[in-house]
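Coordinates as given in structure.txt (compact mmCIF, C-alpha atoms and all ligand atoms):
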# COMPACT_ATOMS: atom_id res chain seq x y z
CA MET A 288 7.07 -0.93 0.10
CA ALA A 289 4.79 2.09 -0.07
CA TRP A 290 1.24 2.05 1.19
CA ILE A 291 -1.08 3.04 -1.63
CA THR A 292 -4.30 4.59 -0.43
CA LYS A 293 -7.51 3.52 -2.14
CA ASN A 294 -10.61 5.62 -2.33
CA SER A 295 -12.90 2.64 -1.93
CA ALA A 296 -15.89 4.59 -0.65
CA THR A 297 -16.10 6.95 -3.61
CA MET A 298 -14.61 4.73 -6.29
CA GLU A 299 -16.63 4.44 -9.49
CA ILE A 300 -16.93 0.84 -10.59
CA GLU A 301 -17.01 0.37 -14.34
CA ARG A 302 -19.87 -1.92 -15.20
CA ARG A 303 -21.10 -3.84 -18.18
CA ASP A 304 -24.44 -5.59 -18.64
CA GLU A 305 -22.94 -9.00 -19.28
CA PRO A 306 -21.65 -10.68 -16.11
CA TYR A 307 -17.98 -11.59 -15.87
CA LEU A 308 -18.75 -14.60 -13.68
CA THR A 309 -20.71 -16.50 -16.31
CA ASP A 310 -23.31 -19.20 -15.77
CA ALA A 311 -20.80 -21.73 -17.12
CA MET A 312 -18.23 -20.65 -14.51
CA LYS A 313 -20.82 -20.85 -11.75
CA ALA A 314 -21.88 -24.31 -12.90
CA LYS A 315 -18.26 -25.48 -12.93
CA LEU A 316 -17.59 -24.09 -9.44
CA THR A 317 -20.83 -25.58 -8.16
CA ALA A 318 -20.02 -29.02 -9.55
CA ASP A 319 -16.27 -29.21 -8.95
CA VAL A 320 -15.41 -26.97 -6.02
CA LEU A 321 -18.30 -26.27 -3.66
CA PRO A 322 -18.99 -29.93 -2.77
CA ARG A 323 -15.42 -30.29 -1.46
CA PHE A 324 -15.77 -27.72 1.32
CA PRO A 325 -18.13 -27.10 4.23
CA ARG A 326 -18.38 -23.35 3.47
CA LYS A 327 -18.86 -21.49 0.22
CA GLN A 328 -16.13 -19.02 1.17
CA ALA A 329 -13.57 -21.74 0.45
CA ALA A 330 -14.33 -21.33 -3.25
CA THR A 331 -13.11 -17.71 -3.27
CA LEU A 332 -9.66 -18.51 -4.66
CA PRO A 333 -10.92 -20.91 -7.35
CA ALA A 334 -13.53 -18.33 -8.39
CA LEU A 335 -10.89 -15.58 -8.62
CA HIS A 336 -8.67 -17.89 -10.66
CA GLU A 337 -11.56 -18.72 -12.97
CA VAL A 338 -12.24 -15.05 -13.69
CA GLN A 339 -8.60 -14.05 -14.08
CA HIS A 340 -7.96 -16.99 -16.38
CA ALA A 341 -10.81 -15.84 -18.62
CA TYR A 342 -10.07 -12.09 -18.74
CA ASP A 343 -6.40 -11.82 -17.64
CA TYR A 344 -7.50 -9.64 -14.74
CA ILE A 345 -10.35 -9.38 -12.26
CA PRO A 346 -12.65 -6.41 -12.81
CA HIS A 347 -14.31 -4.94 -9.72
CA GLN A 348 -17.69 -5.93 -11.07
CA ALA A 349 -16.49 -9.53 -11.03
CA LEU A 350 -15.49 -9.21 -7.37
CA GLU A 351 -19.08 -8.26 -6.59
CA GLU A 352 -20.42 -11.12 -8.70
CA ILE A 353 -18.16 -13.61 -6.91
CA ALA A 354 -19.28 -12.20 -3.56
CA ALA A 355 -22.94 -12.57 -4.49
CA PHE A 356 -22.38 -16.12 -5.77
CA LEU A 357 -20.55 -17.17 -2.59
CA GLU A 358 -22.86 -15.20 -0.29
CA LEU A 359 -20.02 -13.04 1.03
CA GLU A 360 -19.48 -9.32 1.45
CA PRO A 361 -17.63 -7.85 -1.54
CA SER A 362 -14.99 -6.54 0.87
CA VAL A 363 -14.13 -10.13 1.87
CA VAL A 364 -13.51 -11.08 -1.76
CA MET A 365 -11.56 -7.85 -2.27
CA ASP A 366 -9.41 -8.65 0.78
CA THR A 367 -8.54 -12.04 -0.67
CA ALA A 368 -7.87 -10.71 -4.16
CA THR A 369 -5.57 -7.96 -2.91
CA PHE A 370 -3.66 -10.27 -0.54
CA TYR A 371 -2.19 -12.37 -3.36
CA GLU A 372 0.18 -10.73 -5.83
CA GLU A 373 -0.86 -13.09 -8.56
CA PHE A 374 -4.27 -11.46 -8.88
CA PHE A 375 -4.55 -8.35 -11.04
CA LEU A 376 -7.43 -5.97 -10.46
CA ARG A 377 -6.54 -3.87 -13.47
CA PRO A 378 -5.72 -4.94 -17.03
CA ARG A 379 -2.10 -6.00 -17.30
CA GLY A 380 0.33 -5.91 -20.17
CA LYS A 381 0.58 -8.56 -22.85
CA TYR A 382 3.97 -9.46 -21.38
CA LEU A 383 4.18 -9.81 -17.63
CA ILE A 384 7.75 -9.41 -16.36
CA TRP A 385 8.57 -10.73 -12.88
CA VAL A 386 12.06 -9.72 -11.76
CA CYS A 387 13.25 -11.79 -8.81
CA GLN A 388 14.31 -9.60 -5.89
CA SER A 389 15.30 -12.27 -3.37
CA LEU A 390 18.76 -12.65 -1.89
CA SER A 391 20.73 -14.54 -4.57
CA CYS A 392 19.39 -12.34 -7.33
CA GLU A 393 19.94 -9.21 -5.27
CA ILE A 394 23.59 -10.16 -4.68
CA MET A 395 24.03 -10.86 -8.38
CA GLY A 396 22.90 -7.40 -9.46
CA GLN A 397 19.10 -7.39 -9.50
CA PRO A 398 18.69 -3.84 -8.09
CA THR A 399 20.66 -2.29 -10.96
CA LEU A 400 19.02 -4.58 -13.48
CA LEU A 401 15.55 -3.61 -12.26
CA GLU A 402 16.42 0.09 -12.46
CA GLN A 403 17.65 -0.36 -16.03
CA ILE A 404 14.56 -2.30 -17.12
CA SER A 405 12.36 0.26 -15.41
CA ALA A 406 14.15 3.10 -17.23
CA LYS A 407 13.95 1.35 -20.59
CA LEU A 408 10.21 0.68 -20.29
CA ASP A 409 9.60 4.01 -18.53
CA ILE A 410 7.50 2.36 -15.82
CA GLU A 411 7.96 1.52 -12.17
CA PRO A 412 7.32 -1.95 -10.73
CA GLY A 413 3.56 -2.47 -10.56
CA GLU A 414 2.92 -0.36 -13.69
CA THR A 415 2.06 -1.13 -17.30
CA THR A 416 3.45 0.62 -20.37
CA ASP A 417 1.09 3.00 -22.17
CA ASP A 418 0.89 0.69 -25.18
CA GLY A 419 -0.29 -2.17 -22.94
CA LYS A 420 2.64 -4.36 -23.89
CA PHE A 421 4.60 -4.76 -20.66
CA THR A 422 3.77 -4.93 -16.96
CA LEU A 423 6.77 -4.86 -14.64
CA MET A 424 6.60 -6.69 -11.29
CA THR A 425 9.02 -7.85 -8.63
CA ALA A 426 8.81 -11.37 -7.24
CA GLU A 427 10.28 -13.34 -4.39
CA CYS A 428 12.58 -16.29 -5.14
CA LEU A 429 11.70 -17.86 -8.47
CA GLY A 430 13.51 -21.07 -7.53
CA SER A 431 16.48 -20.61 -9.82
CA CYS A 432 19.04 -19.12 -7.42
CA GLY A 433 21.95 -20.95 -9.09
CA THR A 434 21.42 -18.96 -12.27
CA ALA A 435 20.72 -15.59 -10.62
CA PRO A 436 19.70 -13.00 -11.50
CA VAL A 437 16.55 -14.25 -13.16
CA ALA A 438 13.24 -12.94 -14.44
CA LEU A 439 10.09 -14.49 -15.82
CA VAL A 440 8.42 -13.12 -18.92
CA ASN A 441 5.00 -14.70 -18.93
CA GLU A 442 5.88 -18.41 -18.62
CA ASP A 443 9.49 -18.14 -19.80
CA LEU A 444 12.35 -18.03 -17.29
CA HIS A 445 15.39 -15.97 -18.29
CA GLU A 446 18.56 -16.81 -16.38
CA ASN A 447 22.03 -15.35 -15.80
CA LEU A 448 20.66 -11.98 -16.76
CA THR A 449 22.67 -8.99 -17.74
CA TYR A 450 21.00 -5.83 -18.89
CA ASP A 451 22.26 -6.43 -22.44
CA ASN A 452 20.84 -9.92 -22.79
CA PHE A 453 17.53 -8.97 -21.21
CA GLU A 454 17.25 -5.87 -23.39
CA ARG A 455 17.51 -8.16 -26.39
CA VAL A 456 14.61 -10.20 -25.02
CA LEU A 457 12.52 -7.04 -24.53
CA ASP A 458 13.36 -5.75 -28.00
CA SER A 459 12.33 -9.06 -29.55
CA LEU A 460 8.89 -8.65 -27.97
CA LYS A 461 8.28 -5.09 -29.15
S1 LIG A 501 16.79 -15.58 -5.27
FE1 LIG A 501 16.22 -15.22 -7.31
S2 LIG A 501 15.73 -17.20 -8.01
FE2 LIG A 501 16.14 -17.51 -5.91

Could you express the structure from this file as structure tokens?
Amino acid sequence: MAWITKNSATMEIERRDEPYLTDAMKAKLTADVLPRFPRKQAATLPALHEVQHAYDYIPHQALEEIAAFLELEPSVVMDTATFYEEFFLRPRGKYLIWVCQSLSCEIMGQPTLLEQISAKLDIEPGETTDDGKFTLMTAECLGSCGTAPVALVNEDLHENLTYDNFERVLDSLK
């Protein structure tokens, strides 16, 4: 895996007037989450989930808003958000493809399959197509080793994949 450098110090954060972390979200976190923990920091993951669920990704402005709400440094919230692959800090495609890269799937042809999908969509893992339709990701074991290789497209698991049958799935979504 390559290290991707980030120009955090000089990065321009896109902002809008309306907050991403709304009053309703804050009220929900205050009522349902904060009372369960001794420290506000424990609500970081629920707050990130709340924002991603609403917008499909977590804008940097929202990271700052979560930090302010939980009385944390923005870098602490950023650390948490970047640790988990499930959080997206940039808009993602309408269809999120997770290709399993763990052992059973690898043995059953995942590396070639991933290369073929990548070539068809003209993106590398971690990227989104220009039309915003597909984001390609790799995942660890998706829990369906007996039907390897497998991939998730949003919530749908596709099993016993060959390039031909997965290409048909992709074409049906175009
Ligand atoms: S290794 Fe791919 S589903 Fe388990």

List the neighbours of region 387-397 of chain A out to 10 Å using only C-alpha atoms; skip same-chain residues closer than 3 positions along the sequence, and give me the result as a list in words. Ile384, Leu400, Leu401, Glu402, Gln403, Met424, Thr425, Ala426, Glu427, Cys428, Leu429, Gly430, Ser431, Cys432, Gly433, Thr434, Ala435, Pro436, Val437, Ala438, Leu439, Asn447, Leu448, Thr449 and Tyr450 of chain A

So that I can check the surroundings of Phe374 (chain A), please list as a ChimeraX atom specification every protein, DNA and RNA residue that reaches within 9 Å of it, counting only C-alpha atoms and ignoring chain neighbours fewer than 2 positions away. /A:335-336,339,344-345,368-372,376

Could you check how far CA of Asp443 (chain A) sits from CA of Leu460 (chain A), in Å to one decimal? 12.5 Å

How many Å separate atom S2 of ligand LIG 501 (chain A) from CA of Lys420 (chain A)? 24.3 Å

Hey, can you check how far CA of Gly380 (chain A) sits from CA of Thr415 (chain A)?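 Those two atoms sit 5.8 Å apart.
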
Taking all atoms listed in the file into account, name the residue in A:Ile410, A:Val386, A:Ile353, A:Leu423 that is nearest to ligand LIG 501 (chain A). A:Val386

Coordinates of box centre and edge lengths for region 298-316 of chain A, 8 Å on every side, axis-aligned, as lines of an AutoDock Vina configuration file:
center_x = -19.5
center_y = -10.4
center_z = -12.8
size_x = 25.8
size_y = 46.2
size_z = 29.0

Kindly indicate which residue among A:Ile300, A:Val456, A:Leu383, A:Leu408 lies nearest to Val440 (chain A), using only C-alpha atoms for the distances.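 Answer, going by the shortest atom-to-atom distance: A:Leu383.
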
Choose the residue, out of A:Phe324, A:Tyr342, A:Phe356, A:Phe421, that has the smallest atom-to-atom separation from Asp310 (chain A); count all atoms listed in the file.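 For Asp310 (chain A), the nearest of the candidates is A:Phe356.
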
Using only C-alpha atoms and all ligand atoms, which residue out of A:Trp385, A:Asp409, A:Asp366, A:Asp451 lies closest to ligand LIG 501 (chain A)?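 Of the candidates, the smallest distance to ligand LIG 501 (chain A) is held by A:Trp385.
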
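For the residues A:Thr297, A:Ser405, A:Thr331, A:Thr416, ranking by smallest atom-to-atom distance to Lys461 (chain A) using all atoms listed in the file places A:Thr416 first.
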
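Comparing A:Pro346, A:Pro325, A:Pro412, A:Pro398 by their smallest distance to ligand LIG 501 (chain A), the closest is A:Pro398 (using all atoms listed in the file).
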
Saving region 394-416 of chain A with C-alpha atoms, as a PDB file, in the first residue's frame, what would that file be?
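Result written to selection.pdb:
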ATOM      1  CA  ILE A 394      -6.497 -17.789  -4.707  1.00  0.00           C
ATOM      2  CA  MET A 395      -9.666 -17.842  -6.793  1.00  0.00           C
ATOM      3  CA  GLY A 396      -8.511 -15.093  -9.138  1.00  0.00           C
ATOM      4  CA  GLN A 397      -9.209 -11.769  -7.441  1.00  0.00           C
ATOM      5  CA  PRO A 398      -5.980 -10.036  -8.609  1.00  0.00           C
ATOM      6  CA  THR A 399      -6.837 -10.541 -12.287  1.00  0.00           C
ATOM      7  CA  LEU A 400     -10.473  -9.721 -11.682  1.00  0.00           C
ATOM      8  CA  LEU A 401      -9.547  -6.467  -9.941  1.00  0.00           C
ATOM      9  CA  GLU A 402      -7.226  -5.497 -12.793  1.00  0.00           C
ATOM     10  CA  GLN A 403      -9.991  -6.157 -15.318  1.00  0.00           C
ATOM     11  CA  ILE A 404     -12.580  -4.155 -13.375  1.00  0.00           C
ATOM     12  CA  SER A 405     -10.073  -1.368 -12.908  1.00  0.00           C
ATOM     13  CA  ALA A 406      -9.352  -1.312 -16.655  1.00  0.00           C
ATOM     14  CA  LYS A 407     -13.034  -1.350 -17.577  1.00  0.00           C
ATOM     15  CA  LEU A 408     -13.884   1.555 -15.271  1.00  0.00           C
ATOM     16  CA  ASP A 409     -10.563   3.302 -15.983  1.00  0.00           C
ATOM     17  CA  ILE A 410      -9.921   3.909 -12.283  1.00  0.00           C
ATOM     18  CA  GLU A 411      -7.596   2.488  -9.667  1.00  0.00           C
ATOM     19  CA  PRO A 412      -8.805   1.210  -6.282  1.00  0.00           C
ATOM     20  CA  GLY A 413      -9.663   4.223  -4.134  1.00  0.00           C
ATOM     21  CA  GLU A 414     -10.820   6.289  -7.139  1.00  0.00           C
ATOM     22  CA  THR A 415     -14.197   7.324  -8.529  1.00  0.00           C
ATOM     23  CA  THR A 416     -15.176   7.441 -12.202  1.00  0.00           C
TER      24      THR A 416
END
